[in-house]
file upload.pdb (PDB, C-alpha atoms and all ligand atoms)
ATOM      1  CA  MET A   1      50.304  81.780 128.664
ATOM      2  CA  PHE A   2      53.482  83.388 130.057
ATOM      3  CA  CYS A   3      56.359  83.452 127.562
ATOM      4  CA  GLY A   4      59.889  83.536 129.006
ATOM      5  CA  LYS A   5      61.775  83.556 125.727
ATOM      6  CA  ILE A   6      61.421  83.357 121.966
ATOM      7  CA  VAL A   7      64.076  81.159 120.370
ATOM      8  CA  CYS A   8      64.395  81.861 116.652
ATOM      9  CA  VAL A   9      65.973  79.741 113.963
ATOM     10  CA  GLY A  10      67.838  81.472 111.131
ATOM     11  CA  ARG A  11      68.252  80.100 107.590
ATOM     12  CA  ASN A  12      66.064  77.029 108.025
ATOM     13  CA  TYR A  13      64.805  77.074 104.418
ATOM     14  CA  ARG A  14      67.191  76.766 101.443
ATOM     15  CA  SER A  15      65.200  79.386  99.499
ATOM     16  CA  HIS A  16      65.818  82.000 102.238
ATOM     17  CA  ALA A  17      69.489  81.082 102.800
ATOM     18  CA  ALA A  18      69.995  81.537  99.035
ATOM     19  CA  GLU A  19      68.320  84.967  98.873
ATOM     20  CA  MET A  20      70.452  86.143 101.844
ATOM     21  CA  LYS A  21      73.548  84.812  99.987
ATOM     22  CA  ALA A  22      74.259  82.772 103.118
ATOM     23  CA  GLU A  23      75.524  79.201 103.313
ATOM     24  CA  GLU A  24      73.172  76.414 104.277
ATOM     25  CA  PRO A  25      73.894  75.726 107.935
ATOM     26  CA  SER A  26      75.218  72.343 109.102
ATOM     27  CA  GLU A  27      73.655  72.970 112.544
ATOM     28  CA  PRO A  28      70.647  75.180 113.419
ATOM     29  CA  VAL A  29      71.458  78.910 113.658
ATOM     30  CA  LEU A  30      69.812  80.284 116.818
ATOM     31  CA  PHE A  31      69.082  83.735 118.194
ATOM     32  CA  LEU A  32      66.650  85.154 120.754
ATOM     33  CA  LYS A  33      63.912  87.759 120.574
ATOM     34  CA  PRO A  34      62.631  89.314 123.812
ATOM     35  CA  ALA A  35      59.083  88.403 124.868
ATOM     36  CA  SER A  36      58.416  92.171 125.112
ATOM     37  CA  SER A  37      58.374  92.325 121.301
ATOM     38  CA  LEU A  38      55.217  90.131 121.083
ATOM     39  CA  ILE A  39      51.922  91.524 119.783
ATOM     40  CA  GLY A  40      48.697  89.775 118.773
ATOM     41  CA  ASN A  41      46.508  89.520 115.712
ATOM     42  CA  ARG A  42      45.318  92.922 114.359
ATOM     43  CA  GLU A  43      47.740  94.903 116.541
ATOM     44  CA  PRO A  44      49.957  97.354 114.602
ATOM     45  CA  ILE A  45      53.645  96.810 113.817
ATOM     46  CA  LEU A  46      55.190 100.156 114.770
ATOM     47  CA  LEU A  47      58.213 101.320 112.766
ATOM     48  CA  PRO A  48      60.448 103.844 114.550
ATOM     49  CA  ARG A  49      61.409 106.771 112.305
ATOM     50  CA  SER A  50      64.779 106.635 110.494
ATOM     51  CA  ILE A  51      65.052 102.893 111.053
ATOM     52  CA  GLY A  52      65.645 102.101 107.367
ATOM     53  CA  ARG A  53      64.332  99.003 105.651
ATOM     54  CA  VAL A  54      62.232  96.620 107.780
ATOM     55  CA  ASP A  55      61.356  93.141 106.455
ATOM     56  CA  HIS A  56      58.593  90.607 107.062
ATOM     57  CA  GLU A  57      59.483  86.940 107.736
ATOM     58  CA  ALA A  58      56.544  84.496 107.824
ATOM     59  CA  GLU A  59      57.242  81.582 110.186
ATOM     60  CA  LEU A  60      55.591  78.654 111.930
ATOM     61  CA  ALA A  61      55.893  79.102 115.718
ATOM     62  CA  VAL A  62      55.735  76.181 118.135
ATOM     63  CA  ILE A  63      54.846  76.748 121.782
ATOM     64  CA  ILE A  64      56.321  74.595 124.518
ATOM     65  CA  GLY A  65      53.721  72.940 126.765
ATOM     66  CA  LYS A  66      56.038  70.985 129.039
ATOM     67  CA  ARG A  67      59.536  71.874 130.195
ATOM     68  CA  CYS A  68      62.312  69.950 128.452
ATOM     69  CA  LYS A  69      66.065  69.621 128.708
ATOM     70  CA  SER A  70      68.161  67.429 126.398
ATOM     71  CA  VAL A  71      65.081  65.761 124.936
ATOM     72  CA  GLY A  72      65.569  63.385 121.991
ATOM     73  CA  ALA A  73      64.023  64.204 118.611
ATOM     74  CA  ASP A  74      61.756  61.146 118.968
ATOM     75  CA  GLN A  75      60.197  62.582 122.164
ATOM     76  CA  ALA A  76      60.463  66.301 121.332
ATOM     77  CA  LEU A  77      56.940  66.891 120.009
ATOM     78  CA  ARG A  78      55.448  65.590 123.273
ATOM     79  CA  HIS A  79      56.723  68.837 124.790
ATOM     80  CA  VAL A  80      54.950  71.058 122.252
ATOM     81  CA  SER A  81      51.372  72.073 123.083
ATOM     82  CA  HIS A  82      50.431  74.643 120.426
ATOM     83  CA  LEU A  83      51.335  76.005 117.001
ATOM     84  CA  ALA A  84      50.901  79.584 115.828
ATOM     85  CA  VAL A  85      51.563  81.911 112.905
ATOM     86  CA  PHE A  86      54.526  84.195 113.571
ATOM     87  CA  ASN A  87      56.144  87.171 111.827
ATOM     88  CA  ASP A  88      59.859  87.589 112.631
ATOM     89  CA  VAL A  89      59.912  91.308 111.775
ATOM     90  CA  THR A  90      63.500  92.424 111.147
ATOM     91  CA  ALA A  91      65.121  95.848 110.826
ATOM     92  CA  ARG A  92      67.188  94.642 107.854
ATOM     93  CA  GLU A  93      69.488  97.642 107.450
ATOM     94  CA  MET A  94      70.272  97.643 111.161
ATOM     95  CA  GLN A  95      70.938  93.881 110.996
ATOM     96  CA  SER A  96      73.196  94.181 107.916
ATOM     97  CA  MET A  97      75.274  96.916 109.537
ATOM     98  CA  ALA A  98      75.697  94.817 112.694
ATOM     99  CA  LYS A  99      76.689  91.739 110.652
ATOM    100  CA  ALA A 100      79.215  93.763 108.630
ATOM    101  CA  LYS A 101      80.880  94.891 111.864
ATOM    102  CA  GLY A 102      80.771  91.381 113.367
ATOM    103  CA  LEU A 103      78.392  92.628 116.073
ATOM    104  CA  PRO A 104      75.236  90.932 117.453
ATOM    105  CA  TRP A 105      72.016  91.789 115.584
ATOM    106  CA  THR A 106      69.810  91.587 118.714
ATOM    107  CA  LEU A 107      68.384  95.085 118.414
ATOM    108  CA  SER A 108      67.275  94.630 114.785
ATOM    109  CA  LYS A 109      65.023  91.749 115.835
ATOM    110  CA  GLY A 110      63.996  92.811 119.336
ATOM    111  CA  ILE A 111      62.206  96.117 118.844
ATOM    112  CA  ASP A 112      58.747  96.471 120.461
ATOM    113  CA  THR A 113      55.936  95.068 118.211
ATOM    114  CA  PHE A 114      58.464  93.159 116.008
ATOM    115  CA  SER A 115      57.040  89.717 116.980
ATOM    116  CA  PRO A 116      53.399  89.486 115.863
ATOM    117  CA  MET A 117      51.851  86.088 116.669
ATOM    118  CA  SER A 118      48.395  84.622 116.010
ATOM    119  CA  ASP A 119      46.131  82.921 118.506
ATOM    120  CA  PRO A 120      47.651  79.503 119.219
ATOM    121  CA  ARG A 121      46.181  76.286 117.815
ATOM    122  CA  LEU A 122      46.442  72.950 119.657
ATOM    123  CA  ILE A 123      49.116  70.766 118.051
ATOM    124  CA  GLY A 124      46.689  67.837 118.169
ATOM    125  CA  ASP A 125      44.421  69.678 115.701
ATOM    126  CA  VAL A 126      47.124  69.597 113.009
ATOM    127  CA  ASP A 127      47.738  66.465 110.921
ATOM    128  CA  ASP A 128      51.404  66.818 109.990
ATOM    129  CA  LEU A 129      53.317  69.890 111.064
ATOM    130  CA  GLN A 130      55.950  69.203 108.374
ATOM    131  CA  ALA A 131      53.374  69.501 105.565
ATOM    132  CA  LEU A 132      51.867  72.971 106.089
ATOM    133  CA  ASP A 133      51.596  75.704 103.456
ATOM    134  CA  ILE A 134      52.861  79.140 104.503
ATOM    135  CA  GLU A 135      51.769  82.219 102.562
ATOM    136  CA  LEU A 136      52.439  85.872 103.287
ATOM    137  CA  LYS A 137      50.714  88.744 101.517
ATOM    138  CA  VAL A 138      51.367  92.456 101.702
ATOM    139  CA  ASN A 139      48.326  94.534 100.675
ATOM    140  CA  GLY A 140      46.808  91.403  99.140
ATOM    141  CA  VAL A 141      49.857  90.546  96.964
ATOM    142  CA  THR A 142      51.680  87.264  97.694
ATOM    143  CA  ARG A 143      55.295  87.844  98.726
ATOM    144  CA  GLN A 144      56.290  84.590 100.442
ATOM    145  CA  TRP A 145      55.126  81.093  99.738
ATOM    146  CA  GLY A 146      56.548  77.843 101.081
ATOM    147  CA  ASN A 147      55.814  74.604 102.865
ATOM    148  CA  THR A 148      57.137  73.361 106.192
ATOM    149  CA  SER A 149      58.328  70.206 104.370
ATOM    150  CA  GLU A 150      61.172  72.412 103.026
ATOM    151  CA  MET A 151      62.722  73.008 106.478
ATOM    152  CA  ILE A 152      66.401  72.040 106.626
ATOM    153  CA  PHE A 153      65.927  71.016 110.292
ATOM    154  CA  PRO A 154      62.395  69.774 111.088
ATOM    155  CA  VAL A 155      60.661  70.901 114.292
ATOM    156  CA  ALA A 156      61.493  67.777 116.330
ATOM    157  CA  GLU A 157      65.203  68.126 115.513
ATOM    158  CA  LEU A 158      65.115  71.831 116.378
ATOM    159  CA  ILE A 159      63.583  71.166 119.819
ATOM    160  CA  ALA A 160      66.150  68.414 120.477
ATOM    161  CA  TYR A 161      69.040  70.650 119.403
ATOM    162  CA  ILE A 162      67.899  73.747 121.330
ATOM    163  CA  SER A 163      67.142  71.800 124.525
ATOM    164  CA  ARG A 164      70.643  70.297 124.524
ATOM    165  CA  TRP A 165      71.992  73.754 125.284
ATOM    166  CA  MET A 166      69.073  75.782 126.587
ATOM    167  CA  ARG A 167      66.211  74.452 128.730
ATOM    168  CA  LEU A 168      62.816  75.078 127.158
ATOM    169  CA  ASP A 169      60.045  76.055 129.585
ATOM    170  CA  GLU A 170      56.279  76.002 129.310
ATOM    171  CA  GLY A 171      55.181  79.031 127.279
ATOM    172  CA  ASP A 172      58.498  79.459 125.444
ATOM    173  CA  ILE A 173      58.123  80.021 121.703
ATOM    174  CA  VAL A 174      60.322  78.576 118.966
ATOM    175  CA  ALA A 175      60.113  80.413 115.625
ATOM    176  CA  THR A 176      61.201  77.879 113.036
ATOM    177  CA  GLY A 177      62.561  80.021 110.194
ATOM    178  CA  THR A 178      61.211  81.691 107.080
ATOM    179  CA  PRO A 179      60.957  80.541 103.466
ATOM    180  CA  GLY A 180      62.242  82.718 100.605
ATOM    181  CA  GLY A 181      60.600  85.941  99.506
ATOM    182  CA  VAL A 182      61.310  88.234 102.456
ATOM    183  CA  GLY A 183      60.764  91.880 101.609
ATOM    184  CA  ALA A 184      60.205  95.367 102.952
ATOM    185  CA  ILE A 185      57.134  96.690 104.746
ATOM    186  CA  TRP A 186      56.166 100.337 105.038
ATOM    187  CA  PRO A 187      53.707 102.404 107.096
ATOM    188  CA  GLY A 188      50.220 101.953 105.665
ATOM    189  CA  ASP A 189      50.834  98.312 104.606
ATOM    190  CA  LEU A 190      48.743  95.366 105.776
ATOM    191  CA  VAL A 191      50.724  92.142 106.347
ATOM    192  CA  GLU A 192      48.716  88.910 106.292
ATOM    193  CA  ILE A 193      50.093  85.418 106.880
ATOM    194  CA  GLU A 194      48.208  82.158 106.588
ATOM    195  CA  ILE A 195      49.515  78.734 107.592
ATOM    196  CA  SER A 196      47.224  75.883 106.569
ATOM    197  CA  GLU A 197      45.462  74.219 109.530
ATOM    198  CA  VAL A 198      47.192  76.621 111.975
ATOM    199  CA  GLY A 199      45.523  79.957 111.307
ATOM    200  CA  ARG A 200      45.885  83.519 110.099
ATOM    201  CA  LEU A 201      47.697  86.592 111.316
ATOM    202  CA  ALA A 202      47.012  90.114 110.064
ATOM    203  CA  ASN A 203      48.849  93.253 111.218
ATOM    204  CA  PRO A 204      48.757  96.814 109.891
ATOM    205  CA  VAL A 205      52.068  98.693 109.718
ATOM    206  CA  ARG A 206      52.312 102.190 111.174
ATOM    207  CA  SER A 207      55.072 104.645 111.856
ATOM    208  CA  LEU A 208      55.881 105.405 115.462
TER     209      LEU A 208
HETATM  210 MG    MG B   1      63.411  84.618 110.907
END

call {"tool": "encode", "arguments": {"input": "upload.pdb", "output": "structure tokens"}}
result
Amino acid sequence: MFCGKIVCVGRNYRSHAAEMKAEEPSEPVLFLKPASSLIGNREPILLPRSIGRVDHEAELAVIIGKRCKSVGADQALRHVSHLAVFNDVTAREMQSMAKAKGLPWTLSKGIDTFSPMSDPRLIGDVDDLQALDIELKVNGVTRQWGNTSEMIFPVAELIAYISRWMRLDEGDIVATGTPGGVGAIWPGDLVEIEISEVGRLANPVRSL
């Protein structure tokens, strides 16, 4: 499926907002990742040299199946066709420096291979997308654990909010935020994420 854009949601879990020492948002915090950063299951995350600390962020991704603009939350999920497991890989030092200078953090999120995503699962195959366990392991050790019930803004509200401002097209991806426990990855690591009912995503980390 062609992907035009990846819309990401920042600080959508209290546990992650707290660990970033950031306030809980009163409205969804949005940013974009380029579609060129997407890779699939088993493909390597490539870390450019001298990039500093790079973090994993385990997230539920929803894939738009039908174009929507200004859709209400009650109708929003009709426009979602698939769910997937997503890793919002982030060059954390680069992002922190940009934030400190009041500059956009686009580059820290948009590097090639920094958006691993699993094979998509039909939304109809999942019982309740706000009751899914998310677990991320690095080299077999659990680093992140959460449940989509802990989202500050549930998926339907996110789609409604985003589509008020930005049309969502078929194939667009919405990454719905990460629970607490983000941490660094290094060349040689294996990052594995499982979301119950949705699937698994595994990516080795290599230096570029
Ligand atoms: Mg994220």

call {"tool": "atom_distance", "arguments": {"input": "upload.pdb", "atom1": "atom CA of Ser163 of chain A", "atom2": "atom CA of Asp127 of chain A"}}
result
24.3 Å

call {"tool": "residues_around", "arguments": {"input": "upload.pdb", "residues": "Asn147 of chain A", "least_positions_apart": "4", "cutoff": "6 Å", "atoms": "all atoms listed in the file", "output": "list in words"}}
result
Leu132, Asp133 and Ile134 of chain A

call {"tool": "closest_residue", "arguments": {"input": "upload.pdb", "among": "A:Arg206, A:Arg167, A:His16, A:Arg200", "to": "Ser70 of chain A", "atoms": "only C-alpha atoms"}}
result
A:Arg167

call {"tool": "residues_around", "arguments": {"input": "upload.pdb", "residues": "segment 92-99 of chain A", "least_positions_apart": "4", "cutoff": "12 Å", "atoms": "only C-alpha atoms", "output": "list in words"}}
result
Met20, Ala22, Ser50, Ile51, Gly52, Arg53, Val54, Asp55, His56, Glu57, Asp88, Leu103, Pro104, Trp105, Thr106, Leu107, Ser108, Lys109, Gly110, Ile111, Val182, Gly183, Ala184 and Ile185 of chain A

call {"tool": "closest_residue", "arguments": {"input": "upload.pdb", "among": "A:Ile123, A:Leu47, A:Ala175, A:Ala18", "to": "ligand MG 1 (chain B)", "atoms": "only C-alpha atoms and all ligand atoms"}}
result
A:Ala175

call {"tool": "closest_residue", "arguments": {"input": "upload.pdb", "among": "A:Glu135, A:Glu24, A:Asp128, A:Glu192", "to": "Ser149 of chain A", "atoms": "all atoms listed in the file"}}
result
A:Asp128

call {"tool": "closest_atom_pairs", "arguments": {"input": "upload.pdb", "of": "chain A", "to": "ligand MG 1 (chain B)", "cutoff": "9 Å", "atoms": "only C-alpha atoms and all ligand atoms", "output": "Markdown table"}}
result
| residue | atom | partner | partner_atom | distance |
| --- | --- | --- | --- | --- |
| A:Cys8 | CA | B:MG1 | MG | 6.4 |
| A:Val9 | CA | B:MG1 | MG | 6.3 |
| A:Gly10 | CA | B:MG1 | MG | 5.4 |
| A:Arg11 | CA | B:MG1 | MG | 7.4 |
| A:Asn12 | CA | B:MG1 | MG | 8.5 |
| A:His56 | CA | B:MG1 | MG | 8.6 |
| A:Glu57 | CA | B:MG1 | MG | 5.6 |
| A:Ala58 | CA | B:MG1 | MG | 7.5 |
| A:Glu59 | CA | B:MG1 | MG | 6.9 |
| A:Asn87 | CA | B:MG1 | MG | 7.8 |
| A:Asp88 | CA | B:MG1 | MG | 4.9 |
| A:Val89 | CA | B:MG1 | MG | 7.6 |
| A:Thr90 | CA | B:MG1 | MG | 7.8 |
| A:Lys109 | CA | B:MG1 | MG | 8.8 |
| A:Ala175 | CA | B:MG1 | MG | 7.1 |
| A:Thr176 | CA | B:MG1 | MG | 7.4 |
| A:Gly177 | CA | B:MG1 | MG | 4.7 |
| A:Thr178 | CA | B:MG1 | MG | 5.3 |
| A:Pro179 | CA | B:MG1 | MG | 8.8 |

call {"tool": "write_last_selection", "arguments": {"input": "upload.pdb", "atoms": "C-alpha atoms", "output": "mmCIF file, in the coordinates of the input"}}
result
data_model
loop_
_atom_site.group_PDB
_atom_site.id
_atom_site.type_symbol
_atom_site.label_atom_id
_atom_site.label_comp_id
_atom_site.auth_asym_id
_atom_site.auth_seq_id
_atom_site.Cartn_x
_atom_site.Cartn_y
_atom_site.Cartn_z
ATOM 1 C CA CYS A 8 64.395 81.861 116.652
ATOM 2 C CA VAL A 9 65.973 79.741 113.963
ATOM 3 C CA GLY A 10 67.838 81.472 111.131
ATOM 4 C CA ARG A 11 68.252 80.100 107.590
ATOM 5 C CA ASN A 12 66.064 77.029 108.025
ATOM 6 C CA HIS A 56 58.593 90.607 107.062
ATOM 7 C CA GLU A 57 59.483 86.940 107.736
ATOM 8 C CA ALA A 58 56.544 84.496 107.824
ATOM 9 C CA GLU A 59 57.242 81.582 110.186
ATOM 10 C CA ASN A 87 56.144 87.171 111.827
ATOM 11 C CA ASP A 88 59.859 87.589 112.631
ATOM 12 C CA VAL A 89 59.912 91.308 111.775
ATOM 13 C CA THR A 90 63.500 92.424 111.147
ATOM 14 C CA LYS A 109 65.023 91.749 115.835
ATOM 15 C CA ALA A 175 60.113 80.413 115.625
ATOM 16 C CA THR A 176 61.201 77.879 113.036
ATOM 17 C CA GLY A 177 62.561 80.021 110.194
ATOM 18 C CA THR A 178 61.211 81.691 107.080
ATOM 19 C CA PRO A 179 60.957 80.541 103.466
#

call {"tool": "axis_aligned_box", "arguments": {"input": "upload.pdb", "around": "segment 88-100 of chain A", "padding_each_side": "4 Å", "output": "JSON"}}
result
{"center_x": 69.5, "center_y": 92.6, "center_z": 110.1, "size_x": 27.4, "size_y": 18.1, "size_z": 13.2}

call {"tool": "atom_distance", "arguments": {"input": "upload.pdb", "atom1": "atom CA of Val80 of chain A", "atom2": "atom CA of Glu157 of chain A"}}
result
12.6 Å

call {"tool": "closest_residue", "arguments": {"input": "upload.pdb", "among": "A:Trp186, A:Trp145, A:Phe2, A:Phe114", "to": "Glu43 of chain A", "atoms": "only C-alpha atoms"}}
result
A:Phe114

call {"tool": "closest_residue", "arguments": {"input": "upload.pdb", "among": "A:Gly72, A:Pro28, A:Gly199, A:Gly180", "to": "Val126 of chain A", "atoms": "all atoms listed in the file"}}
result
A:Gly199

call {"tool": "closest_residue", "arguments": {"input": "upload.pdb", "among": "A:Gly102, A:Gly4, A:Gly40, A:Pro25", "to": "Ile64 of chain A", "atoms": "only C-alpha atoms"}}
result
A:Gly4
